[in-house]
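Engineer: Please find start_5.pdb (PDB, C-alpha atoms) on the next line:
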```
ATOM      1  CA  MET S1452     110.027 110.139  65.205  1.00  0.00           C
ATOM      2  CA  SER S1453     109.538 106.986  67.265  1.00  0.00           C
ATOM      3  CA  SER S1454     109.008 106.428  70.962  1.00  0.00           C
ATOM      4  CA  LEU S1455     108.606 103.481  73.268  1.00  0.00           C
ATOM      5  CA  ALA S1456     104.944 103.315  74.298  1.00  0.00           C
ATOM      6  CA  LEU S1457     104.445 100.056  76.233  1.00  0.00           C
ATOM      7  CA  VAL S1458     106.377  97.145  77.684  1.00  0.00           C
ATOM      8  CA  ALA S1459     104.426  93.930  78.276  1.00  0.00           C
ATOM      9  CA  LEU S1460     104.733  92.430  81.748  1.00  0.00           C
ATOM     10  CA  VAL S1461     103.334  88.928  82.220  1.00  0.00           C
ATOM     11  CA  VAL S1462     101.218  88.718  85.397  1.00  0.00           C
ATOM     12  CA  ARG S1463      99.187  86.028  87.176  1.00  0.00           C
ATOM     13  CA  ASP S1464      96.084  88.109  87.741  1.00  0.00           C
ATOM     14  CA  TYR S1465      94.933  91.454  86.358  1.00  0.00           C
ATOM     15  CA  ASP S1466      93.331  92.786  89.531  1.00  0.00           C
ATOM     16  CA  GLU S1467      96.180  91.923  91.913  1.00  0.00           C
ATOM     17  CA  ALA S1468      98.664  93.449  89.463  1.00  0.00           C
ATOM     18  CA  ILE S1469      96.568  96.620  89.088  1.00  0.00           C
ATOM     19  CA  ALA S1470      96.339  96.925  92.882  1.00  0.00           C
ATOM     20  CA  PHE S1471     100.105  96.573  93.322  1.00  0.00           C
ATOM     21  CA  TYR S1472     101.107  98.993  90.599  1.00  0.00           C
ATOM     22  CA  THR S1473      98.525 101.637  91.516  1.00  0.00           C
ATOM     23  CA  ASP S1474      98.523 101.329  95.316  1.00  0.00           C
ATOM     24  CA  ALA S1475     102.097 100.304  96.177  1.00  0.00           C
ATOM     25  CA  LEU S1476     103.968 102.010  93.327  1.00  0.00           C
ATOM     26  CA  GLY S1477     101.600 104.938  92.771  1.00  0.00           C
ATOM     27  CA  PHE S1478     101.077 104.323  89.047  1.00  0.00           C
ATOM     28  CA  ASP S1479      97.974 105.521  87.204  1.00  0.00           C
ATOM     29  CA  LEU S1480      95.590 103.016  85.665  1.00  0.00           C
ATOM     30  CA  VAL S1481      95.455 104.330  82.093  1.00  0.00           C
ATOM     31  CA  GLU S1482      93.220 101.681  80.507  1.00  0.00           C
ATOM     32  CA  ASP S1483      91.338  98.532  81.507  1.00  0.00           C
ATOM     33  CA  THR S1484      89.315  97.231  78.579  1.00  0.00           C
ATOM     34  CA  ASP S1485      87.572  93.854  78.402  1.00  0.00           C
ATOM     35  CA  ARG S1486      88.581  92.197  75.146  1.00  0.00           C
ATOM     36  CA  GLY S1487      85.580  89.860  75.169  1.00  0.00           C
ATOM     37  CA  ASP S1488      87.571  86.627  75.276  1.00  0.00           C
ATOM     38  CA  GLY S1489      88.370  86.597  79.002  1.00  0.00           C
ATOM     39  CA  SER S1490      91.400  88.803  78.505  1.00  0.00           C
ATOM     40  CA  ARG S1491      91.774  92.516  79.160  1.00  0.00           C
ATOM     41  CA  TRP S1492      93.917  95.333  77.794  1.00  0.00           C
ATOM     42  CA  VAL S1493      95.363  96.776  81.005  1.00  0.00           C
ATOM     43  CA  VAL S1494      97.846  99.647  80.931  1.00  0.00           C
ATOM     44  CA  VAL S1495      99.456 101.321  83.954  1.00  0.00           C
ATOM     45  CA  ARG S1496     101.935 104.178  83.850  1.00  0.00           C
ATOM     46  CA  PRO S1497     104.025 106.030  86.419  1.00  0.00           C
ATOM     47  CA  ARG S1498     102.324 109.255  87.420  1.00  0.00           C
ATOM     48  CA  ALA S1499     103.707 112.173  85.411  1.00  0.00           C
ATOM     49  CA  ALA S1500     104.705 115.414  87.082  1.00  0.00           C
ATOM     50  CA  ALA S1501     102.275 118.285  86.634  1.00  0.00           C
ATOM     51  CA  GLY S1502     102.575 119.687  83.145  1.00  0.00           C
ATOM     52  CA  GLU S1503     104.523 116.700  81.784  1.00  0.00           C
ATOM     53  CA  ALA S1504     103.294 114.149  79.275  1.00  0.00           C
ATOM     54  CA  GLY S1505     103.085 110.548  80.454  1.00  0.00           C
ATOM     55  CA  GLY S1506     105.971 108.312  79.457  1.00  0.00           C
ATOM     56  CA  PRO S1507     105.988 104.639  78.526  1.00  0.00           C
ATOM     57  CA  GLY S1508     103.576 102.344  80.316  1.00  0.00           C
ATOM     58  CA  LEU S1509     103.289  98.701  81.271  1.00  0.00           C
ATOM     59  CA  LEU S1510     100.825  96.434  79.500  1.00  0.00           C
ATOM     60  CA  LEU S1511      99.805  93.972  82.226  1.00  0.00           C
ATOM     61  CA  ALA S1512      99.321  90.762  80.245  1.00  0.00           C
ATOM     62  CA  ARG S1513      97.812  87.818  82.126  1.00  0.00           C
ATOM     63  CA  ALA S1514      99.631  84.554  81.485  1.00  0.00           C
ATOM     64  CA  LYS S1515      97.446  82.286  79.413  1.00  0.00           C
ATOM     65  CA  ASP S1516      99.345  79.000  79.298  1.00  0.00           C
ATOM     66  CA  PRO S1517     101.907  77.051  81.354  1.00  0.00           C
ATOM     67  CA  ALA S1518     104.864  78.428  79.370  1.00  0.00           C
ATOM     68  CA  GLN S1519     103.810  82.029  80.096  1.00  0.00           C
ATOM     69  CA  GLU S1520     102.944  81.199  83.723  1.00  0.00           C
ATOM     70  CA  SER S1521     106.497  79.867  84.197  1.00  0.00           C
ATOM     71  CA  ARG S1522     107.860  83.302  83.214  1.00  0.00           C
ATOM     72  CA  VAL S1523     105.838  85.354  85.697  1.00  0.00           C
ATOM     73  CA  GLY S1524     108.407  87.101  87.884  1.00  0.00           C
ATOM     74  CA  THR S1525     111.403  85.849  85.911  1.00  0.00           C
ATOM     75  CA  GLN S1526     111.135  87.747  82.662  1.00  0.00           C
ATOM     76  CA  THR S1527     114.658  89.153  82.997  1.00  0.00           C
ATOM     77  CA  GLY S1528     116.383  86.084  84.422  1.00  0.00           C
ATOM     78  CA  GLY S1529     116.822  87.559  87.909  1.00  0.00           C
ATOM     79  CA  ARG S1530     118.425  90.795  86.725  1.00  0.00           C
ATOM     80  CA  VAL S1531     117.034  94.237  87.361  1.00  0.00           C
ATOM     81  CA  GLY S1532     114.879  94.720  84.295  1.00  0.00           C
ATOM     82  CA  PHE S1533     112.844  97.814  85.120  1.00  0.00           C
ATOM     83  CA  PHE S1534     113.922 101.275  86.228  1.00  0.00           C
ATOM     84  CA  LEU S1535     111.564 103.632  88.041  1.00  0.00           C
ATOM     85  CA  HIS S1536     112.916 107.177  88.116  1.00  0.00           C
ATOM     86  CA  THR S1537     111.899 109.563  90.869  1.00  0.00           C
ATOM     87  CA  ASP S1538     112.516 113.215  91.593  1.00  0.00           C
ATOM     88  CA  ASP S1539     112.526 112.544  95.370  1.00  0.00           C
ATOM     89  CA  PHE S1540     114.154 109.249  96.313  1.00  0.00           C
ATOM     90  CA  ALA S1541     113.623 109.529 100.088  1.00  0.00           C
ATOM     91  CA  ARG S1542     109.919 110.347  99.705  1.00  0.00           C
ATOM     92  CA  ASP S1543     109.175 107.509  97.293  1.00  0.00           C
ATOM     93  CA  HIS S1544     111.339 104.968  99.128  1.00  0.00           C
ATOM     94  CA  ALA S1545     109.501 105.740 102.389  1.00  0.00           C
ATOM     95  CA  ARG S1546     106.055 105.647 100.723  1.00  0.00           C
ATOM     96  CA  MET S1547     106.767 102.382  98.926  1.00  0.00           C
ATOM     97  CA  THR S1548     108.231 100.767 102.056  1.00  0.00           C
ATOM     98  CA  ALA S1549     105.106 101.789 104.030  1.00  0.00           C
ATOM     99  CA  ALA S1550     102.968 100.254 101.247  1.00  0.00           C
ATOM    100  CA  GLY S1551     104.741  96.910 101.698  1.00  0.00           C
ATOM    101  CA  VAL S1552     107.147  97.007  98.763  1.00  0.00           C
ATOM    102  CA  ARG S1553     110.078  94.659  99.446  1.00  0.00           C
ATOM    103  CA  PHE S1554     113.437  96.354  98.985  1.00  0.00           C
ATOM    104  CA  LEU S1555     116.368  93.964  98.582  1.00  0.00           C
ATOM    105  CA  GLU S1556     118.993  96.397  99.802  1.00  0.00           C
ATOM    106  CA  GLU S1557     119.484  99.603 101.687  1.00  0.00           C
ATOM    107  CA  PRO S1558     119.541 102.771  99.564  1.00  0.00           C
ATOM    108  CA  ARG S1559     122.878 103.453  97.874  1.00  0.00           C
ATOM    109  CA  HIS S1560     124.257 106.773  96.717  1.00  0.00           C
ATOM    110  CA  GLU S1561     126.239 106.221  93.547  1.00  0.00           C
ATOM    111  CA  PRO S1562     127.840 108.738  91.160  1.00  0.00           C
ATOM    112  CA  TYR S1563     124.833 108.256  88.829  1.00  0.00           C
ATOM    113  CA  GLY S1564     122.236 108.764  91.584  1.00  0.00           C
ATOM    114  CA  SER S1565     120.423 107.368  94.620  1.00  0.00           C
ATOM    115  CA  VAL S1566     119.209 103.819  94.044  1.00  0.00           C
ATOM    116  CA  ALA S1567     117.729 100.749  95.722  1.00  0.00           C
ATOM    117  CA  VAL S1568     116.583  97.466  94.199  1.00  0.00           C
ATOM    118  CA  PHE S1569     113.046  96.279  94.959  1.00  0.00           C
ATOM    119  CA  GLU S1570     110.810  93.440  93.829  1.00  0.00           C
ATOM    120  CA  ASP S1571     107.321  93.739  92.432  1.00  0.00           C
ATOM    121  CA  LEU S1572     104.617  91.371  93.671  1.00  0.00           C
ATOM    122  CA  TYR S1573     105.885  88.601  91.379  1.00  0.00           C
ATOM    123  CA  GLY S1574     109.605  88.929  92.077  1.00  0.00           C
ATOM    124  CA  ASN S1575     110.634  91.015  89.059  1.00  0.00           C
ATOM    125  CA  ARG S1576     113.517  93.260  90.086  1.00  0.00           C
ATOM    126  CA  TRP S1577     113.325  97.019  89.718  1.00  0.00           C
ATOM    127  CA  ASP S1578     115.597  99.943  90.526  1.00  0.00           C
ATOM    128  CA  LEU S1579     114.081 102.921  92.276  1.00  0.00           C
ATOM    129  CA  LEU S1580     116.435 105.605  91.002  1.00  0.00           C
ATOM    130  CA  GLN S1581     116.852 109.329  91.447  1.00  0.00           C
ATOM    131  CA  PRO S1582     119.433 110.200  88.787  1.00  0.00           C
ATOM    132  CA  THR S1583     122.152 112.700  89.611  1.00  0.00           C
ATOM    133  CA  VAL S1584     121.502 116.009  87.903  1.00  0.00           C
ATOM    134  CA  ARG S1585     124.423 116.856  85.675  1.00  0.00           C
ATOM    135  CA  ASN S1586     125.074 120.444  84.658  1.00  0.00           C
ATOM    136  CA  GLY S1587     126.269 121.070  81.099  1.00  0.00           C
TER
END
```
Go through the file and emit its structure as structure tokens.
Structural biologist:
Amino acid sequence: MSSLALVALVVRDYDEAIAFYTDALGFDLVEDTDRGDGSRWVVVRPRAAAGEAGGPGLLLARAKDPAQESRVGTQTGGRVGFFLHTDDFARDHARMTAAGVRFLEEPRHEPYGSVAVFEDLYGNRWDLLQPTVRNG
């Protein structure tokens, strides 16, 4: 069996990225290990519901050269590239808005769920999504 464990996200600064993902998005800081060469192994993950195992996380990877720096915030070419599922869209939308998260649209209610696009601190686009529960 295989599973997706981490997705690397290129960031400008470890500490500002940690603050955004933990404070504004409510993620847990899973690991922050100094690698001894000026870099760190930093992993954040959306908070799991009580009794659930944590899902995939983000490896916050600080850009280390001009080519990587040019990709900060544009890793998906302006498309929504990340999808944050919630079990309570209204609650999380209100909390994130109060924390300063920039939503690019008003919430929409689609056949697949409630959704709104937001940007992280670097401009990467995300969907906040509460999927529609389908029976059978």
Engineer: Extract, using all atoms listed in the file, all DNA, RNA and protein residues at most 8 Å from Pro1507 of chain S, discarding same-chain residues fewer than 2 positions from it, and format them as a CSV table (one decimal) with C-alpha atoms, in the frame of the given file.
Structural biologist:
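around.csv written:
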```csv
chain,number,residue,atom,x,y,z
S,1455,LEU,CA,108.6,103.5,73.3
S,1456,ALA,CA,104.9,103.3,74.3
S,1457,LEU,CA,104.4,100.1,76.2
S,1458,VAL,CA,106.4,97.1,77.7
S,1496,ARG,CA,101.9,104.2,83.8
S,1505,GLY,CA,103.1,110.5,80.5
S,1509,LEU,CA,103.3,98.7,81.3
```
Engineer: If I take atom CA of Asp1466 of chain S and atom CA of Asp1516 of chain S, how far is one from the other in Å, to one decimal?
Structural biologist: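 Answer for the atom CA of Asp1466 of chain S to atom CA of Asp1516 of chain S separation: 18.2 Å.
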Engineer: Counting only C-alpha atoms, which residues come within 6 Å of (101.1, 85.9, 87.6), with the point read in the file's coordinates, and could you list them as a VMD selection string?
Structural biologist: chain S and resid 1462 to 1464 1523
Engineer: Given all atoms listed in the file as the basis, pick out the residue of S:Pro1558, S:Gly1506, S:Gly1532, S:Gly1524 nearest to Tyr1573 of chain S.
Structural biologist: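 Of all the options, S:Gly1524 lies closest to Tyr1573 of chain S.
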Engineer: Tell me which protein, DNA and RNA residues are within 6 Å of Ser1565 of chain S, counting all atoms listed in the file, leaving out same-chain ones fewer than 5 positions away, and put them as a PyMOL selection string.
Structural biologist: chain S and resi 1559-1560+1580-1581
Engineer: Enumerate, as a count of residues only, the residues matched when the PyMOL selection byres ((chain S and resi 1544-1554) around 7) is run on the file above.
Structural biologist: 12
Engineer: Using atom CA of Arg1530 of chain S and atom CA of Ala1499 of chain S as the two end points, give the distance in Å to one decimal.
Structural biologist: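 One can read the atom CA of Arg1530 of chain S to atom CA of Ala1499 of chain S distance as 26.0 Å.
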Engineer: Could you jot down the atom CA of Ser1454 of chain S to atom CA of Gly1508 of chain S separation for me, Å, one decimal place?
Structural biologist: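 About the pair atom CA of Ser1454 of chain S and atom CA of Gly1508 of chain S: they are 11.6 Å apart.
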Engineer: Name the closest residue to Pro1517 of chain S among the candidates S:Val1461, S:Ser1453, S:Gly1489, S:Val1531; distances are taken between atoms, counting all atoms listed in the file.
Structural biologist: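 Result for the nearest residue to Pro1517 of chain S: S:Val1461.
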Engineer: Name the closest residue to Asp1488 of chain S among the candidates S:Ile1469, S:Lys1515, S:Thr1525, S:Leu1510; distances are taken between atoms, counting only C-alpha atoms.
Structural biologist: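 Among the listed residues, the smallest separation from Asp1488 of chain S belongs to S:Lys1515.
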